[in-house]
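One file, query-v5.pdb, carrying PDB, C-alpha atoms, pLDDT in the B column:
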```pdb
MODEL        1
ATOM      1  CA  MET A 943     150.336 132.806  75.307  1.00 48.00           C
ATOM      2  CA  ARG A 944     150.195 132.182  79.033  1.00 48.00           C
ATOM      3  CA  ARG A 945     149.978 135.930  79.688  1.00 51.00           C
ATOM      4  CA  ALA A 946     147.099 136.301  77.226  1.00 51.00           C
ATOM      5  CA  SER A 947     145.183 133.450  78.934  1.00 53.00           C
ATOM      6  CA  PHE A 948     145.651 135.081  82.324  1.00 47.00           C
ATOM      7  CA  THR A 949     144.385 138.416  80.950  1.00 50.00           C
ATOM      8  CA  ILE A 950     141.288 136.718  79.522  1.00 52.00           C
ATOM      9  CA  TRP A 951     140.683 134.960  82.878  1.00 45.00           C
ATOM     10  CA  LEU A 952     140.917 138.283  84.732  1.00 46.00           C
ATOM     11  CA  PHE A 953     138.497 139.864  82.266  1.00 50.00           C
ATOM     12  CA  VAL A 954     135.948 137.039  82.766  1.00 45.00           C
ATOM     13  CA  VAL A 955     136.169 137.294  86.587  1.00 42.00           C
ATOM     14  CA  ALA A 956     135.736 141.076  86.473  1.00 48.00           C
ATOM     15  CA  LEU A 957     132.756 140.705  84.138  1.00 44.00           C
ATOM     16  CA  MET A 958     131.105 138.180  86.480  1.00 45.00           C
ATOM     17  CA  VAL A 959     131.519 140.490  89.454  1.00 41.00           C
ATOM     18  CA  LEU A 960     129.943 143.338  87.514  1.00 43.00           C
ATOM     19  CA  LEU A 961     127.049 141.282  86.150  1.00 43.00           C
ATOM     20  CA  VAL A 962     126.082 139.318  89.280  1.00 40.00           C
ATOM     21  CA  PRO A 963     123.703 141.446  91.406  1.00 45.00           C
ATOM     22  CA  SER A 964     125.230 142.431  94.738  1.00 40.00           C
ATOM     23  CA  GLY A 965     122.124 141.110  96.531  1.00 39.00           C
ATOM     24  CA  VAL A 966     122.865 137.613  95.238  1.00 35.00           C
ATOM     25  CA  LEU A 967     126.403 137.788  96.595  1.00 34.00           C
ATOM     26  CA  ARG A 968     125.130 139.049  99.960  1.00 37.00           C
ATOM     27  CA  ALA A 969     122.533 136.275 100.139  1.00 37.00           C
ATOM     28  CA  THR A 970     125.170 133.642  99.395  1.00 41.00           C
ATOM     29  CA  ARG A 971     127.412 134.943 102.179  1.00 45.00           C
ATOM     30  CA  ALA A 972     124.476 135.159 104.607  1.00 48.00           C
ATOM     31  CA  ASP A 973     123.353 131.602 103.838  1.00 52.00           C
ATOM     32  CA  ALA A 974     126.846 130.371 104.618  1.00 58.00           C
ATOM     33  CA  ASP A 975     126.424 131.713 108.170  1.00 90.00           C
ATOM     34  CA  HIS A 976     123.263 129.682 108.789  1.00 93.00           C
ATOM     35  CA  GLN A 977     123.373 126.488 110.830  1.00 94.00           C
ATOM     36  CA  TYR A 978     120.285 124.561 109.796  1.00 97.00           C
ATOM     37  CA  ALA A 979     119.606 121.192 111.429  1.00 97.00           C
ATOM     38  CA  PRO A 980     117.111 118.515 110.383  1.00 98.00           C
ATOM     39  CA  LEU A 981     114.554 117.256 112.869  1.00 98.00           C
ATOM     40  CA  ARG A 982     115.247 113.832 114.315  1.00 98.00           C
ATOM     41  CA  GLU A 983     113.264 111.741 116.747  1.00 98.00           C
ATOM     42  CA  VAL A 984     114.892 110.949 120.084  1.00 98.00           C
ATOM     43  CA  GLN A 985     113.910 109.275 123.314  1.00 98.00           C
ATOM     44  CA  LEU A 986     114.133 112.080 125.863  1.00 97.00           C
ATOM     45  CA  SER A 987     112.360 112.730 129.140  1.00 97.00           C
ATOM     46  CA  PHE A 988     111.477 116.372 128.642  1.00 98.00           C
ATOM     47  CA  LYS A 989     110.429 117.941 131.917  1.00 98.00           C
ATOM     48  CA  ASP A 990     107.822 120.581 132.627  1.00 98.00           C
ATOM     49  CA  PHE A 991     109.280 123.989 133.500  1.00 98.00           C
ATOM     50  CA  SER A 992     108.206 127.341 134.894  1.00 97.00           C
ATOM     51  CA  PHE A 993     110.507 130.238 133.988  1.00 97.00           C
ATOM     52  CA  PRO A 994     110.048 133.992 134.502  1.00 97.00           C
ATOM     53  CA  THR A 995     109.258 136.481 131.753  1.00 97.00           C
ATOM     54  CA  LEU A 996     110.494 140.055 131.425  1.00 96.00           C
ATOM     55  CA  GLU A 997     107.012 141.198 132.428  1.00 95.00           C
ATOM     56  CA  GLY A 998     107.370 139.572 135.855  1.00 95.00           C
ATOM     57  CA  THR A 999     105.007 136.656 135.202  1.00 97.00           C
ATOM     58  CA  VAL A1000     105.888 132.963 135.094  1.00 97.00           C
ATOM     59  CA  LEU A1001     105.553 130.883 131.940  1.00 98.00           C
ATOM     60  CA  ASN A1002     104.679 127.223 132.448  1.00 98.00           C
ATOM     61  CA  LEU A1003     105.284 124.747 129.626  1.00 98.00           C
ATOM     62  CA  ARG A1004     102.327 122.475 130.338  1.00 96.00           C
ATOM     63  CA  GLU A1005      99.889 125.391 130.485  1.00 96.00           C
ATOM     64  CA  GLN A1006     101.211 126.856 127.228  1.00 96.00           C
ATOM     65  CA  ALA A1007     101.041 123.466 125.502  1.00 95.00           C
ATOM     66  CA  ARG A1008      97.423 122.754 126.467  1.00 94.00           C
ATOM     67  CA  GLY A1009      95.220 122.307 123.394  1.00 94.00           C
ATOM     68  CA  SER A1010      98.114 122.407 120.915  1.00 96.00           C
ATOM     69  CA  SER A1011      98.911 119.699 118.390  1.00 96.00           C
ATOM     70  CA  VAL A1012     102.569 120.730 118.001  1.00 97.00           C
ATOM     71  CA  VAL A1013     104.712 122.608 120.537  1.00 98.00           C
ATOM     72  CA  ILE A1014     108.146 124.016 119.768  1.00 98.00           C
ATOM     73  CA  VAL A1015     110.410 124.873 122.690  1.00 98.00           C
ATOM     74  CA  SER A1016     113.242 126.981 121.311  1.00 98.00           C
ATOM     75  CA  PHE A1017     116.279 127.448 123.545  1.00 98.00           C
ATOM     76  CA  PHE A1018     118.224 130.477 122.290  1.00 98.00           C
ATOM     77  CA  ALA A1019     120.727 133.143 123.280  1.00 97.00           C
ATOM     78  CA  ALA A1020     119.893 136.766 122.517  1.00 97.00           C
ATOM     79  CA  TRP A1021     123.419 137.452 121.232  1.00 96.00           C
ATOM     80  CA  CYS A1022     123.714 134.280 119.099  1.00 97.00           C
ATOM     81  CA  HIS A1023     123.599 135.067 115.364  1.00 96.00           C
ATOM     82  CA  ASN A1024     121.959 131.709 114.559  1.00 97.00           C
ATOM     83  CA  SER A1025     119.293 132.395 117.180  1.00 98.00           C
ATOM     84  CA  ASN A1026     118.769 135.777 115.526  1.00 97.00           C
ATOM     85  CA  TYR A1027     118.209 134.001 112.207  1.00 97.00           C
ATOM     86  CA  ASP A1028     115.977 131.322 113.743  1.00 98.00           C
ATOM     87  CA  VAL A1029     113.530 133.791 115.308  1.00 98.00           C
ATOM     88  CA  LYS A1030     112.448 134.858 111.812  1.00 97.00           C
ATOM     89  CA  THR A1031     111.526 131.267 110.903  1.00 98.00           C
ATOM     90  CA  LEU A1032     109.743 130.774 114.226  1.00 98.00           C
ATOM     91  CA  ASN A1033     107.760 133.981 113.778  1.00 98.00           C
ATOM     92  CA  GLU A1034     106.700 133.016 110.257  1.00 98.00           C
ATOM     93  CA  LEU A1035     105.595 129.572 111.455  1.00 98.00           C
ATOM     94  CA  TYR A1036     103.725 131.027 114.422  1.00 98.00           C
ATOM     95  CA  PHE A1037     101.813 133.613 112.398  1.00 97.00           C
ATOM     96  CA  LYS A1038     100.859 130.999 109.801  1.00 97.00           C
ATOM     97  CA  TYR A1039      99.939 128.059 112.063  1.00 97.00           C
ATOM     98  CA  ARG A1040      99.025 129.341 115.533  1.00 96.00           C
ATOM     99  CA  ASP A1041      95.320 128.982 114.709  1.00 95.00           C
ATOM    100  CA  GLN A1042      95.954 125.416 113.551  1.00 93.00           C
ATOM    101  CA  GLY A1043      97.405 124.146 116.814  1.00 95.00           C
ATOM    102  CA  LEU A1044     101.014 125.372 116.823  1.00 97.00           C
ATOM    103  CA  ALA A1045     102.453 126.716 120.083  1.00 98.00           C
ATOM    104  CA  ILE A1046     105.974 128.139 120.383  1.00 98.00           C
ATOM    105  CA  ILE A1047     107.843 128.986 123.563  1.00 98.00           C
ATOM    106  CA  GLY A1048     111.195 130.755 123.524  1.00 98.00           C
ATOM    107  CA  VAL A1049     113.570 130.060 126.415  1.00 98.00           C
ATOM    108  CA  CYS A1050     116.392 132.585 126.541  1.00 97.00           C
ATOM    109  CA  GLU A1051     119.736 131.336 127.876  1.00 96.00           C
ATOM    110  CA  TYR A1052     123.128 132.884 128.695  1.00 95.00           C
ATOM    111  CA  SER A1053     121.778 136.409 128.180  1.00 95.00           C
ATOM    112  CA  SER A1054     121.047 139.359 130.444  1.00 94.00           C
ATOM    113  CA  ALA A1055     117.579 140.885 130.737  1.00 94.00           C
ATOM    114  CA  ASP A1056     118.806 143.899 128.740  1.00 95.00           C
ATOM    115  CA  GLU A1057     120.118 141.650 125.946  1.00 96.00           C
ATOM    116  CA  LEU A1058     116.760 139.879 125.829  1.00 97.00           C
ATOM    117  CA  ARG A1059     114.916 143.228 125.701  1.00 97.00           C
ATOM    118  CA  ASP A1060     117.073 144.294 122.742  1.00 98.00           C
ATOM    119  CA  PHE A1061     116.404 140.949 121.012  1.00 98.00           C
ATOM    120  CA  ILE A1062     112.646 141.347 121.461  1.00 98.00           C
ATOM    121  CA  ALA A1063     112.693 144.980 120.308  1.00 98.00           C
ATOM    122  CA  LYS A1064     114.652 144.012 117.192  1.00 98.00           C
ATOM    123  CA  HIS A1065     112.728 140.884 116.140  1.00 98.00           C
ATOM    124  CA  GLN A1066     109.259 141.379 117.676  1.00 98.00           C
ATOM    125  CA  PRO A1067     108.604 137.673 118.348  1.00 98.00           C
ATOM    126  CA  ALA A1068     104.847 137.061 118.510  1.00 97.00           C
ATOM    127  CA  TYR A1069     105.175 133.952 120.678  1.00 98.00           C
ATOM    128  CA  PRO A1070     105.861 134.037 124.441  1.00 98.00           C
ATOM    129  CA  ILE A1071     109.428 134.183 125.727  1.00 98.00           C
ATOM    130  CA  CYS A1072     110.824 133.397 129.160  1.00 98.00           C
ATOM    131  CA  PHE A1073     114.373 133.162 130.425  1.00 94.00           C
ATOM    132  CA  GLU A1074     116.210 130.681 132.567  1.00 93.00           C
ATOM    133  CA  GLY A1075     118.919 133.151 133.471  1.00 80.00           C
ATOM    134  CA  ASP A1076     122.303 134.587 132.599  1.00 82.00           C
ATOM    135  CA  HIS A1077     124.417 131.491 133.228  1.00 74.00           C
ATOM    136  CA  GLN A1078     127.429 132.216 131.031  1.00 74.00           C
ATOM    137  CA  THR A1079     129.772 131.228 133.839  1.00 77.00           C
ATOM    138  CA  ARG A1080     127.631 128.226 134.860  1.00 83.00           C
ATOM    139  CA  GLN A1081     126.631 126.809 131.475  1.00 89.00           C
ATOM    140  CA  ARG A1082     126.474 123.236 132.794  1.00 90.00           C
ATOM    141  CA  ASP A1083     123.796 124.203 135.333  1.00 91.00           C
ATOM    142  CA  THR A1084     121.125 124.930 132.709  1.00 94.00           C
ATOM    143  CA  THR A1085     118.364 122.645 131.497  1.00 95.00           C
ATOM    144  CA  HIS A1086     119.457 123.605 127.989  1.00 96.00           C
ATOM    145  CA  PHE A1087     122.920 122.134 128.571  1.00 96.00           C
ATOM    146  CA  TYR A1088     121.408 118.993 130.109  1.00 96.00           C
ATOM    147  CA  TYR A1089     119.205 118.356 127.060  1.00 98.00           C
ATOM    148  CA  ARG A1090     122.064 119.106 124.664  1.00 97.00           C
ATOM    149  CA  GLN A1091     124.122 116.387 126.285  1.00 96.00           C
ATOM    150  CA  LYS A1092     121.206 113.949 126.202  1.00 97.00           C
ATOM    151  CA  VAL A1093     120.679 114.376 122.456  1.00 97.00           C
ATOM    152  CA  GLY A1094     124.396 114.196 121.618  1.00 96.00           C
ATOM    153  CA  ASP A1095     124.910 117.877 120.776  1.00 96.00           C
ATOM    154  CA  LYS A1096     128.435 118.152 122.186  1.00 92.00           C
ATOM    155  CA  LYS A1097     130.467 119.838 119.440  1.00 93.00           C
ATOM    156  CA  ARG A1098     128.890 123.306 119.403  1.00 94.00           C
ATOM    157  CA  LYS A1099     130.343 125.716 121.966  1.00 92.00           C
ATOM    158  CA  TRP A1100     127.077 127.229 123.252  1.00 94.00           C
ATOM    159  CA  GLY A1101     124.597 125.064 121.384  1.00 96.00           C
ATOM    160  CA  THR A1102     122.008 127.698 120.499  1.00 97.00           C
ATOM    161  CA  PRO A1103     119.513 127.503 119.077  1.00 98.00           C
ATOM    162  CA  LEU A1104     118.250 124.123 120.240  1.00 98.00           C
ATOM    163  CA  ASN A1105     114.696 123.347 119.144  1.00 98.00           C
ATOM    164  CA  ILE A1106     112.578 120.677 120.833  1.00 98.00           C
ATOM    165  CA  VAL A1107     109.335 119.716 119.087  1.00 98.00           C
ATOM    166  CA  ILE A1108     106.632 117.950 121.097  1.00 98.00           C
ATOM    167  CA  ARG A1109     103.736 116.327 119.258  1.00 97.00           C
ATOM    168  CA  ALA A1110     100.338 115.956 120.924  1.00 96.00           C
ATOM    169  CA  GLU A1111     100.446 112.149 120.731  1.00 96.00           C
ATOM    170  CA  ASP A1112     103.749 112.128 122.641  1.00 97.00           C
ATOM    171  CA  ARG A1113     102.608 114.509 125.365  1.00 96.00           C
ATOM    172  CA  LEU A1114     101.908 113.188 128.860  1.00 94.00           C
ATOM    173  CA  GLU A1115      99.034 114.995 130.528  1.00 89.00           C
ATOM    174  CA  GLN A1116     100.205 114.590 134.135  1.00 91.00           C
ATOM    175  CA  GLY A1117     103.424 114.523 136.114  1.00 93.00           C
ATOM    176  CA  ASP A1118     106.760 116.312 135.898  1.00 96.00           C
ATOM    177  CA  THR A1119     107.582 114.797 132.505  1.00 97.00           C
ATOM    178  CA  VAL A1120     105.811 116.399 129.537  1.00 97.00           C
ATOM    179  CA  ALA A1121     107.067 113.905 126.933  1.00 97.00           C
ATOM    180  CA  LYS A1122     109.375 110.906 126.709  1.00 97.00           C
ATOM    181  CA  ARG A1123     109.799 111.122 122.940  1.00 98.00           C
ATOM    182  CA  VAL A1124     110.444 114.367 121.029  1.00 98.00           C
ATOM    183  CA  LEU A1125     111.826 115.710 117.784  1.00 98.00           C
ATOM    184  CA  VAL A1126     114.998 117.741 118.093  1.00 98.00           C
ATOM    185  CA  ALA A1127     116.899 120.141 115.818  1.00 98.00           C
ATOM    186  CA  THR A1128     120.388 120.987 117.063  1.00 98.00           C
ATOM    187  CA  GLY A1129     120.476 124.253 115.153  1.00 98.00           C
ATOM    188  CA  GLU A1130     118.146 126.453 113.124  1.00 98.00           C
ATOM    189  CA  LEU A1131     114.842 124.932 112.067  1.00 98.00           C
ATOM    190  CA  ILE A1132     114.245 123.991 108.450  1.00 98.00           C
ATOM    191  CA  LYS A1133     110.918 125.711 107.818  1.00 97.00           C
ATOM    192  CA  LYS A1134     109.663 123.238 105.193  1.00 97.00           C
ATOM    193  CA  GLU A1135     110.243 120.304 107.549  1.00 97.00           C
ATOM    194  CA  VAL A1136     108.226 121.881 110.341  1.00 96.00           C
ATOM    195  CA  GLU A1137     105.444 122.876 107.956  1.00 96.00           C
ATOM    196  CA  GLU A1138     105.149 119.298 106.717  1.00 95.00           C
ATOM    197  CA  LEU A1139     104.930 118.069 110.301  1.00 94.00           C
ATOM    198  CA  ILE A1140     102.221 120.595 111.200  1.00 91.00           C
ATOM    199  CA  GLN A1141     100.216 119.789 108.073  1.00 90.00           C
ATOM    200  CA  GLN A1142     100.311 116.084 108.956  1.00 86.00           C
ATOM    201  CA  LYS A1143      98.809 116.903 112.349  1.00 72.00           C
TER     202      LYS A1143
ENDMDL
END
```

Serialized structure, structure tokens:
Amino acid sequence: MRRASFTIWLFVVALMVLLVPSGVLRATRADADHQYAPLREVQLSFKDFSFPTLEGTVLNLREQARGSSVVIVSFFAAWCHNSNYDVKTLNELYFKYRDQGLAIIGVCEYSSADELRDFIAKHQPAYPICFEGDHQTRQRDTTHFYYRQKVGDKKRKWGTPLNIVIRAEDRLEQGDTVAKRVLVATGELIKKEVEELIQQK
């Protein structure tokens, strides 16, 4: 009797594998690799920055934020698989809401210029990207690491992506500090959450 039950169980499992589309199984595995993080409001003195781009120009946060109702600063690493997922969400948001006051700035961390070039060629981000530098041996020297510590993101090894959202009403128009209160996601953005925020603004 026990042997017959085991045979039936094996038959059912085999049937499920055959009937479930392979795309569904792939999607389930891919979703398990995601590291989504909800937005939460924190008190944080977020400083203005000017970082170089691959094109040899300098990207300034305050200049990029001017006239925007919502600004997302996305710290990422070109080799980080969660950053490679997150860029798709950021691109979709940017294409949909850039004419409604959304600005996005990517800040590449812990990656070489060649790694960043490959990332851009692969994902074609429509928003501007700058890089702080390849600080894999000096992680604690980056602004990214400083902000991670300030918002309590201490368990992740590299901590990318880290998304900082600055609303217009929280933005300071002068001085080194751009905002003293921000929204932060210590992981990939949840698209629906950001859309709701933008629509409110």

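Applied to the file shown here, the PyMOL selection byres ((chain A and resi 1057-1062) around 9) selects the residues Leu996, Ala1019, Ala1020, Trp1021, Asn1026, Cys1050, Ser1053, Ser1054, Ala1055, Asp1056, Ala1063, Lys1064, His1065, Gln1066, Pro1067, Ile1071 and Phe1073 of chain A.
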
| task | Return as number ranges by chain the set of residues that the PyMOL selection byres ((chain A and resi 1119) around 7) yields on the displayed structure. | result | A: 987-990, 1114, 1117-1118, 1120-1121

| task | Run the PyMOL selection byres ((chain A and resi 1105) around 10) against the file shown and list the residues it catches, as a ChimeraX atom specification. | result | /A:979,981,1014-1018,1028,1047-1049,1102-1104,1106-1108,1125-1131

| said: For a test of reading the model, state the distance in Å between CA of Asp975 in chain A and CA of Lys1133 in chain A, rounded to one decimal. | reply: 16.6 Å

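You can rank A:Ser1010, A:Thr1031, A:Gln985, A:Gln1078 by their closest distance to Arg1109 in chain A using only C-alpha atoms, and at the top of that list sits A:Ser1010.
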
| query | So how far away is CA of Gln1081 in chain A from CA of Lys1096 in chain A, in Å? | reply | 12.8 Å

| Counting all atoms listed in the file, which of A:Gly1101, A:Pro980, A:Gly1075, A:Pro1070 gets nearest to Leu1032 in chain A? | A:Pro1070

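If only C-alpha atoms are the atoms counted, then among A:Lys1097, A:Arg1080, A:Glu1074, A:His1023 the closest residue to His976 in chain A is A:His1023.
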
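Ranking A:Ser1025, A:Thr999, A:Arg982, A:Ala1068 by their shortest atom-to-atom distance to Glu1135 in chain A, with only C-alpha atoms included, puts A:Arg982 first.
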
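Closest approach to Ala1110 in chain A among A:Gln1142, A:Gln1006, A:Ser1011, A:Asn1033: A:Ser1011, based on all atoms listed in the file.
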
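Across A:Gln977, A:Asn1024, A:Val1012, A:Val984, the tightest approach to Val1093 in chain A is made by A:Val984 when counting all atoms listed in the file.
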
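CA of Val1136 in chain A is found 8.2 Å from CA of Leu1035 in chain A.
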
Report the centre and edge lengths, in Å to one decimal, of an axis-aligned box enclosing every atom of range 1070-1073 of chain A listed in the file, padded by 8 Å on each side, as lines of an AutoDock Vina configuration file.
```
center_x = 110.1
center_y = 133.7
center_z = 127.4
size_x = 24.5
size_y = 17.0
size_z = 22.0
```

| request: Kindly provide, as a PyMOL selection string, the polymer residues lying within 8 Å of (119.7, 114.0, 125.5), counting only C-alpha atoms and using the coordinates exactly as they appear in the file. | output: chain A and resi 984-986+1088-1094

Using the incomplete input, complete range 1117-1139 of chain A to the level of N, CA, C and O atoms; output as a short mmCIF file (atom, residue, chain, number, x, y, z; two decimals), in the frame of the given file.
```cif
data_model
loop_
_atom_site.label_atom_id
_atom_site.label_comp_id
_atom_site.auth_asym_id
_atom_site.auth_seq_id
_atom_site.Cartn_x
_atom_site.Cartn_y
_atom_site.Cartn_z
N GLY A 1117 102.08 114.82 135.62
CA GLY A 1117 103.42 114.52 136.11
C GLY A 1117 104.45 115.56 135.69
O GLY A 1117 104.16 116.50 134.94
N ASP A 1118 105.67 115.37 136.18
CA ASP A 1118 106.76 116.31 135.90
C ASP A 1118 107.28 116.19 134.46
O ASP A 1118 107.86 117.13 133.93
N THR A 1119 107.09 115.02 133.86
CA THR A 1119 107.58 114.80 132.50
C THR A 1119 106.48 115.12 131.50
O THR A 1119 105.38 114.58 131.59
N VAL A 1120 106.79 115.98 130.55
CA VAL A 1120 105.81 116.40 129.54
C VAL A 1120 105.80 115.42 128.37
O VAL A 1120 104.76 115.16 127.77
N ALA A 1121 106.97 114.87 128.03
CA ALA A 1121 107.07 113.90 126.93
C ALA A 1121 108.30 113.04 127.13
O ALA A 1121 109.30 113.49 127.70
N LYS A 1122 108.23 111.81 126.65
CA LYS A 1122 109.38 110.91 126.71
C LYS A 1122 109.97 110.66 125.33
O LYS A 1122 111.00 110.01 125.19
N ARG A 1123 109.30 111.21 124.31
CA ARG A 1123 109.80 111.12 122.94
C ARG A 1123 109.54 112.47 122.28
O ARG A 1123 108.43 113.00 122.36
N VAL A 1124 110.57 113.05 121.65
CA VAL A 1124 110.44 114.37 121.03
C VAL A 1124 111.19 114.37 119.70
O VAL A 1124 111.93 113.43 119.38
N LEU A 1125 111.00 115.44 118.96
CA LEU A 1125 111.83 115.71 117.78
C LEU A 1125 112.78 116.83 118.17
O LEU A 1125 112.40 117.76 118.88
N VAL A 1126 114.01 116.73 117.71
CA VAL A 1126 115.00 117.74 118.09
C VAL A 1126 115.75 118.23 116.86
O VAL A 1126 116.05 117.45 115.95
N ALA A 1127 116.03 119.54 116.83
CA ALA A 1127 116.90 120.14 115.82
C ALA A 1127 118.02 120.86 116.55
O ALA A 1127 117.76 121.81 117.29
N THR A 1128 119.25 120.39 116.37
CA THR A 1128 120.39 120.99 117.06
C THR A 1128 120.96 122.12 116.20
O THR A 1128 122.11 122.08 115.77
N GLY A 1129 120.12 123.11 115.98
CA GLY A 1129 120.48 124.25 115.15
C GLY A 1129 119.20 124.94 114.70
O GLY A 1129 118.14 124.74 115.28
N GLU A 1130 119.31 125.74 113.64
CA GLU A 1130 118.15 126.45 113.12
C GLU A 1130 117.16 125.47 112.49
O GLU A 1130 117.55 124.48 111.88
N LEU A 1131 115.88 125.77 112.65
CA LEU A 1131 114.84 124.93 112.07
C LEU A 1131 114.81 125.08 110.55
O LEU A 1131 115.04 126.17 110.01
N ILE A 1132 114.50 123.98 109.89
CA ILE A 1132 114.24 123.99 108.45
C ILE A 1132 112.74 124.18 108.30
O ILE A 1132 111.96 123.29 108.65
N LYS A 1133 112.33 125.32 107.82
CA LYS A 1133 110.92 125.71 107.82
C LYS A 1133 110.04 124.67 107.12
O LYS A 1133 108.97 124.31 107.62
N LYS A 1134 110.47 124.19 105.97
CA LYS A 1134 109.66 123.24 105.19
C LYS A 1134 109.40 121.96 105.98
O LYS A 1134 108.30 121.41 105.94
N GLU A 1135 110.40 121.51 106.73
CA GLU A 1135 110.24 120.30 107.55
C GLU A 1135 109.16 120.48 108.61
O GLU A 1135 108.32 119.61 108.80
N VAL A 1136 109.20 121.62 109.28
CA VAL A 1136 108.23 121.88 110.34
C VAL A 1136 106.84 122.04 109.74
O VAL A 1136 105.85 121.54 110.30
N GLU A 1137 106.75 122.71 108.61
CA GLU A 1137 105.44 122.88 107.96
C GLU A 1137 104.83 121.53 107.59
O GLU A 1137 103.63 121.30 107.77
N GLU A 1138 105.65 120.62 107.08
CA GLU A 1138 105.15 119.30 106.72
C GLU A 1138 104.64 118.56 107.95
O GLU A 1138 103.61 117.89 107.90
N LEU A 1139 105.35 118.70 109.05
CA LEU A 1139 104.93 118.07 110.30
C LEU A 1139 103.59 118.64 110.78
O LEU A 1139 102.67 117.88 111.15
#
```
